[in-house]
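Shown below: final39.tsv, with TSV, C-alpha atoms.
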chain	number	residue	atom	x	y	z
A	1	MET	CA	28.86	56.78	153.73
A	2	ASP	CA	26.46	59.62	154.46
A	3	TYR	CA	26.93	63.34	153.92
A	4	GLU	CA	28.16	64.18	157.43
A	5	HIS	CA	30.82	61.48	157.38
A	6	LEU	CA	32.00	62.49	153.92
A	7	VAL	CA	32.25	66.19	154.84
A	8	GLY	CA	33.89	65.32	158.17
A	9	ALA	CA	36.45	63.18	156.37
A	10	ALA	CA	37.11	65.98	153.86
A	11	ALA	CA	37.65	68.47	156.70
A	12	ARG	CA	40.03	66.02	158.39
A	13	VAL	CA	42.04	65.51	155.17
A	14	VAL	CA	42.44	69.27	154.67
A	15	GLU	CA	43.39	69.65	158.34
A	16	ILE	CA	46.06	66.95	158.02
A	17	ALA	CA	47.32	68.63	154.85
A	18	GLY	CA	47.62	71.92	156.76
A	19	VAL	CA	49.66	70.29	159.52
A	20	ALA	CA	51.81	68.52	156.91
A	21	VAL	CA	52.50	71.84	155.17
A	22	LEU	CA	53.58	73.36	158.48
A	23	LEU	CA	55.94	70.48	159.26
A	24	LEU	CA	57.32	70.13	155.74
A	25	GLY	CA	57.73	73.89	155.43
A	26	ALA	CA	59.74	73.99	158.66
A	27	LEU	CA	61.99	71.18	157.46
A	28	VAL	CA	62.53	72.73	154.03
A	29	ALA	CA	63.24	76.13	155.62
A	30	ALA	CA	65.80	74.55	157.97
A	31	GLY	CA	67.46	72.76	155.05
A	32	ALA	CA	67.58	75.95	152.99
A	33	PHE	CA	69.05	77.80	155.98
A	34	THR	CA	71.79	75.18	156.29
A	35	LEU	CA	72.56	75.37	152.55
A	36	ARG	CA	72.78	79.15	152.71
A	37	LEU	CA	75.27	78.93	155.56
A	38	LEU	CA	77.30	76.32	153.67
A	39	ARG	CA	77.37	78.63	150.64
A	40	ARG	CA	78.97	81.25	152.87
A	41	MET	CA	75.98	83.55	153.14
A	42	THR	CA	76.24	85.70	156.25
A	43	PHE	CA	74.40	84.35	159.27
A	44	ARG	CA	72.24	87.46	159.50
A	45	ALA	CA	71.11	87.21	155.85
A	46	ALA	CA	70.52	83.45	156.14
A	47	TYR	CA	68.53	84.01	159.33
A	48	HIS	CA	66.28	86.60	157.67
A	49	GLU	CA	65.69	84.21	154.77
A	50	LEU	CA	64.87	81.43	157.27
A	51	ARG	CA	62.28	83.63	158.96
A	52	ALA	CA	60.74	84.51	155.60
A	53	ASP	CA	60.61	80.83	154.57
A	54	LEU	CA	59.04	79.85	157.88
A	55	GLY	CA	56.52	82.68	157.58
A	56	ARG	CA	55.46	81.53	154.12
A	57	ALA	CA	55.03	77.95	155.35
A	58	ILE	CA	52.96	79.13	158.31
A	59	LEU	CA	50.78	81.30	156.07
A	60	LEU	CA	50.02	78.41	153.73
A	61	GLY	CA	49.40	76.01	156.62
A	62	LEU	CA	47.06	78.50	158.30
A	63	GLU	CA	45.07	78.91	155.10
A	64	LEU	CA	44.51	75.16	154.91
A	65	LEU	CA	43.55	74.99	158.58
A	66	VAL	CA	41.01	77.78	158.11
A	67	ILE	CA	39.52	75.86	155.18
A	68	ALA	CA	39.25	72.76	157.35
A	69	ASP	CA	37.55	74.75	160.12
A	70	ILE	CA	35.05	76.23	157.67
A	71	ILE	CA	34.22	72.85	156.19
A	72	GLY	CA	33.89	71.23	159.60
A	73	THR	CA	31.77	73.98	161.13
A	74	VAL	CA	29.51	75.20	158.36
A	75	ALA	CA	28.86	71.92	156.57
A	76	ILE	CA	28.43	69.62	159.55
A	77	GLU	CA	26.81	71.55	162.39
A	78	PRO	CA	26.08	75.21	161.60
A	79	THR	CA	24.74	76.23	165.01
A	80	LEU	CA	25.04	79.82	166.19
A	81	ARG	CA	27.57	78.77	168.85
A	82	ASN	CA	29.74	76.87	166.34
A	83	LEU	CA	29.60	79.73	163.85
A	84	SER	CA	30.64	82.23	166.52
A	85	VAL	CA	33.57	80.01	167.53
A	86	LEU	CA	34.52	79.72	163.85
A	87	ALA	CA	34.35	83.51	163.49
A	88	VAL	CA	36.74	83.97	166.42
A	89	ILE	CA	39.15	81.32	165.05
A	90	VAL	CA	39.12	82.87	161.58
A	91	ALA	CA	39.62	86.37	163.03
A	92	ILE	CA	42.63	85.26	165.08
A	93	ARG	CA	44.16	83.39	162.14
A	94	THR	CA	43.52	86.33	159.83
A	95	LEU	CA	45.28	88.73	162.19
A	96	LEU	CA	48.14	86.26	162.49
A	97	SER	CA	48.30	85.97	158.69
A	98	PHE	CA	48.45	89.77	158.33
A	99	ALA	CA	51.25	89.97	160.90
A	100	LEU	CA	53.20	87.21	159.15
A	101	GLU	CA	52.70	88.81	155.73
A	102	LEU	CA	54.00	92.11	157.10
A	103	GLU	CA	57.05	90.38	158.54
A	104	VAL	CA	57.78	88.27	155.45
A	105	SER	CA	57.27	90.90	152.74
A	106	GLY	CA	57.60	94.14	154.69
A	107	ARG	CA	54.18	95.36	153.55
A	108	TRP	CA	50.52	94.77	154.29
A	109	PRO	CA	48.71	92.23	152.08
A	110	TRP	CA	46.63	94.92	150.37
A	111	GLN	CA	49.65	97.04	149.43
A	112	ARG	CA	51.18	96.50	146.02
A	113	SER	CA	54.85	95.73	145.88
A	114	GLN	CA	57.17	98.18	144.16
A	115	GLY	CA	57.89	95.55	141.51
A	116	ALA	CA	54.18	95.22	140.76
A	117	GLU	CA	53.82	98.99	140.51
A	118	ARG	CA	56.74	99.15	138.07
A	119	ALA	CA	55.29	96.28	136.06
A	120	GLY	CA	51.91	98.04	135.98
A	121	THR	CA	53.53	101.25	134.78
A	122	GLY	CA	55.49	99.35	132.15
A	123	GLN	CA	52.35	97.53	131.07
A	124	ALA	CA	50.50	100.85	130.75
A	125	ALA	CA	53.31	102.21	128.58
A	126	ILE	CA	53.21	99.12	126.35
A	127	CYS	CA	49.42	99.36	125.97
A	128	ALA	CA	49.61	103.10	125.27
A	129	SER	CA	52.28	102.67	122.63
A	130	ALA	CA	50.24	99.92	120.97
A	131	GLU	CA	47.29	102.30	120.84
A	132	GLY	CA	49.44	105.16	119.55
A	133	THR	CA	48.95	107.31	122.66
A	134	THR	CA	51.26	108.35	125.47
A	135	PRO	CA	50.75	107.11	129.03
Hey, can you dump this file as structure tokens for me?
Amino acid sequence: MDYEHLVGAAARVVEIAGVAVLLLGALVAAGAFTLRLLRRMTFRAAYHELRADLGRAILLGLELLVIADIIGTVAIEPTLRNLSVLAVIVAIRTLLSFALELEVSGRWPWQRSQGAERAGTGQAAICASAEGTTP
């Protein structure tokens, strides 16, 4: 097996894994939604959790599909046309990922969550007390 076939097969495996994550994530999210309803969670709350679960599955699946596109384009045939098509695909998927992240977590990917900020403040206080200073 030569280099092109090996890299092509690797790209195909990652692509299949991305599709599998999308399908499995949708099934798991649907199952979790059903369990939440059976546990008497309100429909509205269960629905929001379903959307968040689906968003996380889509984000992970998109990441794998981007990896497959990069492997397939750059390693096999890095022509200017193929690289420009890859750039457009990655840009679209990146924008979609940002939109999904905003919907799932309520913040942009580069924003720290309030929990992380509190943890950082707490960590600074712990480090300061260990050093004998105040934060």
Next on the checklist: Residues within 10 Å of Leu64 in chain A, please, as a PyMOL selection string. Count all atoms listed in the file; anything in the same chain fewer than 6 positions from it doesn't count.
Outcome noted: chain A and resi 11+13-19+21-22+58+70
Item to check | Of the listed residues A:Gly55, A:Gly25, A:Gly61, A:Pro78, that which approaches Ser105 in chain A most closely, counting all atoms listed in the file | outcome: A:Gly55
Checklist entry - With all atoms listed in the file as the basis for distance, which of A:Val7, A:Ala30, A:Ile92, A:Val66 is at the shortest distance from Ala52 in chain A? => result A:Ala30
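Taking CA of Ile71 in chain A as the reference point, CA of Ala57 in chain A is found at 21.4 Å.
Here CA of Val88 in chain A is placed at a distance of 27.0 Å from CA of Leu24 in chain A.
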Checklist outcome for this item: Residue with the minimum atom-to-atom distance to Gly72 in chain A, picked from A:Leu6, A:Leu102, A:Leu50, A:Leu37 with all atoms listed in the file counted, is A:Leu6
Checklist outcome for this item: Separating CA of Ala99 in chain A from CA of Val74 in chain A, to the nearest tenth of an Å, is a gap of 26.4 Å
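Within 10 Å of the point (64.9, 82.1, 158.2), counting all atoms listed in the file, the protein and nucleic acid residues come to Ala26, Ala29, Ala30, Ala32, Phe33, Thr34, Phe43, Arg44, Ala45, Ala46, Tyr47, His48, Glu49, Leu50, Arg51, Ala52, Asp53, Leu54, Gly55 and Val104 of chain A.
Restricting the calculation to only C-alpha atoms, the smallest distance between Glu103 in chain A and any of A:Glu77, A:Thr42, A:Leu35, A:Arg56 is found for A:Arg56.
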Some atoms are missing, so please complete range 75-104 of chain A with N, CA and C atoms and return it as an mmCIF file, keeping the file's coordinate frame.
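Output file selection_1.cif follows:
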data_model
loop_
_atom_site.group_PDB
_atom_site.id
_atom_site.type_symbol
_atom_site.label_atom_id
_atom_site.label_comp_id
_atom_site.auth_asym_id
_atom_site.auth_seq_id
_atom_site.Cartn_x
_atom_site.Cartn_y
_atom_site.Cartn_z
ATOM 1 N N ALA A 75 29.502 73.032 157.262
ATOM 2 C CA ALA A 75 28.860 71.920 156.570
ATOM 3 C C ALA A 75 28.278 70.878 157.514
ATOM 4 N N ILE A 76 28.885 70.696 158.669
ATOM 5 C CA ILE A 76 28.430 69.620 159.550
ATOM 6 C C ILE A 76 27.397 70.088 160.554
ATOM 7 N N GLU A 77 27.722 71.115 161.334
ATOM 8 C CA GLU A 77 26.810 71.550 162.390
ATOM 9 C C GLU A 77 26.812 73.073 162.494
ATOM 10 N N PRO A 78 26.044 73.754 161.629
ATOM 11 C CA PRO A 78 26.080 75.210 161.600
ATOM 12 C C PRO A 78 25.200 75.870 162.677
ATOM 13 N N THR A 79 25.469 75.576 163.931
ATOM 14 C CA THR A 79 24.740 76.230 165.010
ATOM 15 C C THR A 79 25.325 77.614 165.245
ATOM 16 N N LEU A 80 24.563 78.467 165.919
ATOM 17 C CA LEU A 80 25.040 79.820 166.190
ATOM 18 C C LEU A 80 26.307 79.786 167.047
ATOM 19 N N ARG A 81 26.370 78.889 167.992
ATOM 20 C CA ARG A 81 27.570 78.770 168.850
ATOM 21 C C ARG A 81 28.783 78.339 168.016
ATOM 22 N N ASN A 82 28.618 77.323 167.173
ATOM 23 C CA ASN A 82 29.740 76.870 166.340
ATOM 24 C C ASN A 82 30.195 77.936 165.354
ATOM 25 N N LEU A 83 29.235 78.665 164.787
ATOM 26 C CA LEU A 83 29.600 79.730 163.850
ATOM 27 C C LEU A 83 30.327 80.870 164.555
ATOM 28 N N SER A 84 29.944 81.173 165.787
ATOM 29 C CA SER A 84 30.640 82.230 166.520
ATOM 30 C C SER A 84 32.062 81.800 166.891
ATOM 31 N N VAL A 85 32.231 80.528 167.256
ATOM 32 C CA VAL A 85 33.570 80.010 167.530
ATOM 33 C C VAL A 85 34.411 80.054 166.256
ATOM 34 N N LEU A 86 33.819 79.666 165.138
ATOM 35 C CA LEU A 86 34.520 79.720 163.850
ATOM 36 C C LEU A 86 34.925 81.153 163.526
ATOM 37 N N ALA A 87 34.036 82.107 163.771
ATOM 38 C CA ALA A 87 34.350 83.510 163.490
ATOM 39 C C ALA A 87 35.549 83.983 164.313
ATOM 40 N N VAL A 88 35.614 83.588 165.568
ATOM 41 C CA VAL A 88 36.740 83.970 166.420
ATOM 42 C C VAL A 88 38.031 83.319 165.916
ATOM 43 N N ILE A 89 37.960 82.034 165.562
ATOM 44 C CA ILE A 89 39.150 81.320 165.050
ATOM 45 C C ILE A 89 39.641 81.965 163.765
ATOM 46 N N VAL A 90 38.735 82.261 162.850
ATOM 47 C CA VAL A 90 39.120 82.870 161.580
ATOM 48 C C VAL A 90 39.694 84.270 161.816
ATOM 49 N N ALA A 91 39.113 85.031 162.735
ATOM 50 C CA ALA A 91 39.620 86.370 163.030
ATOM 51 C C ALA A 91 41.050 86.310 163.578
ATOM 52 N N ILE A 92 41.283 85.399 164.508
ATOM 53 C CA ILE A 92 42.630 85.260 165.080
ATOM 54 C C ILE A 92 43.622 84.833 164.005
ATOM 55 N N ARG A 93 43.247 83.859 163.198
ATOM 56 C CA ARG A 93 44.160 83.390 162.140
ATOM 57 C C ARG A 93 44.382 84.448 161.075
ATOM 58 N N THR A 94 43.368 85.254 160.807
ATOM 59 C CA THR A 94 43.520 86.330 159.830
ATOM 60 C C THR A 94 44.496 87.387 160.348
ATOM 61 N N LEU A 95 44.349 87.771 161.604
ATOM 62 C CA LEU A 95 45.280 88.730 162.190
ATOM 63 C C LEU A 95 46.701 88.176 162.192
ATOM 64 N N LEU A 96 46.827 86.898 162.513
ATOM 65 C CA LEU A 96 48.140 86.260 162.490
ATOM 66 C C LEU A 96 48.704 86.244 161.069
ATOM 67 N N SER A 97 47.856 85.970 160.091
ATOM 68 C CA SER A 97 48.300 85.970 158.690
ATOM 69 C C SER A 97 48.772 87.363 158.265
ATOM 70 N N PHE A 98 48.036 88.411 158.661
ATOM 71 C CA PHE A 98 48.450 89.770 158.330
ATOM 72 C C PHE A 98 49.802 90.088 158.954
ATOM 73 N N ALA A 99 49.978 89.715 160.212
ATOM 74 C CA ALA A 99 51.250 89.970 160.900
ATOM 75 C C ALA A 99 52.392 89.225 160.217
ATOM 76 N N LEU A 100 52.158 87.983 159.837
ATOM 77 C CA LEU A 100 53.200 87.210 159.150
ATOM 78 C C LEU A 100 53.519 87.789 157.784
ATOM 79 N N GLU A 101 52.496 88.207 157.058
ATOM 80 C CA GLU A 101 52.700 88.810 155.730
ATOM 81 C C GLU A 101 53.533 90.082 155.861
ATOM 82 N N LEU A 102 53.238 90.894 156.871
ATOM 83 C CA LEU A 102 54.000 92.110 157.100
ATOM 84 C C LEU A 102 55.453 91.785 157.406
ATOM 85 N N GLU A 103 55.687 90.751 158.202
ATOM 86 C CA GLU A 103 57.050 90.380 158.540
ATOM 87 C C GLU A 103 57.796 89.775 157.361
ATOM 88 N N VAL A 104 57.120 88.947 156.579
ATOM 89 C CA VAL A 104 57.780 88.270 155.450
ATOM 90 C C VAL A 104 58.083 89.245 154.315
#
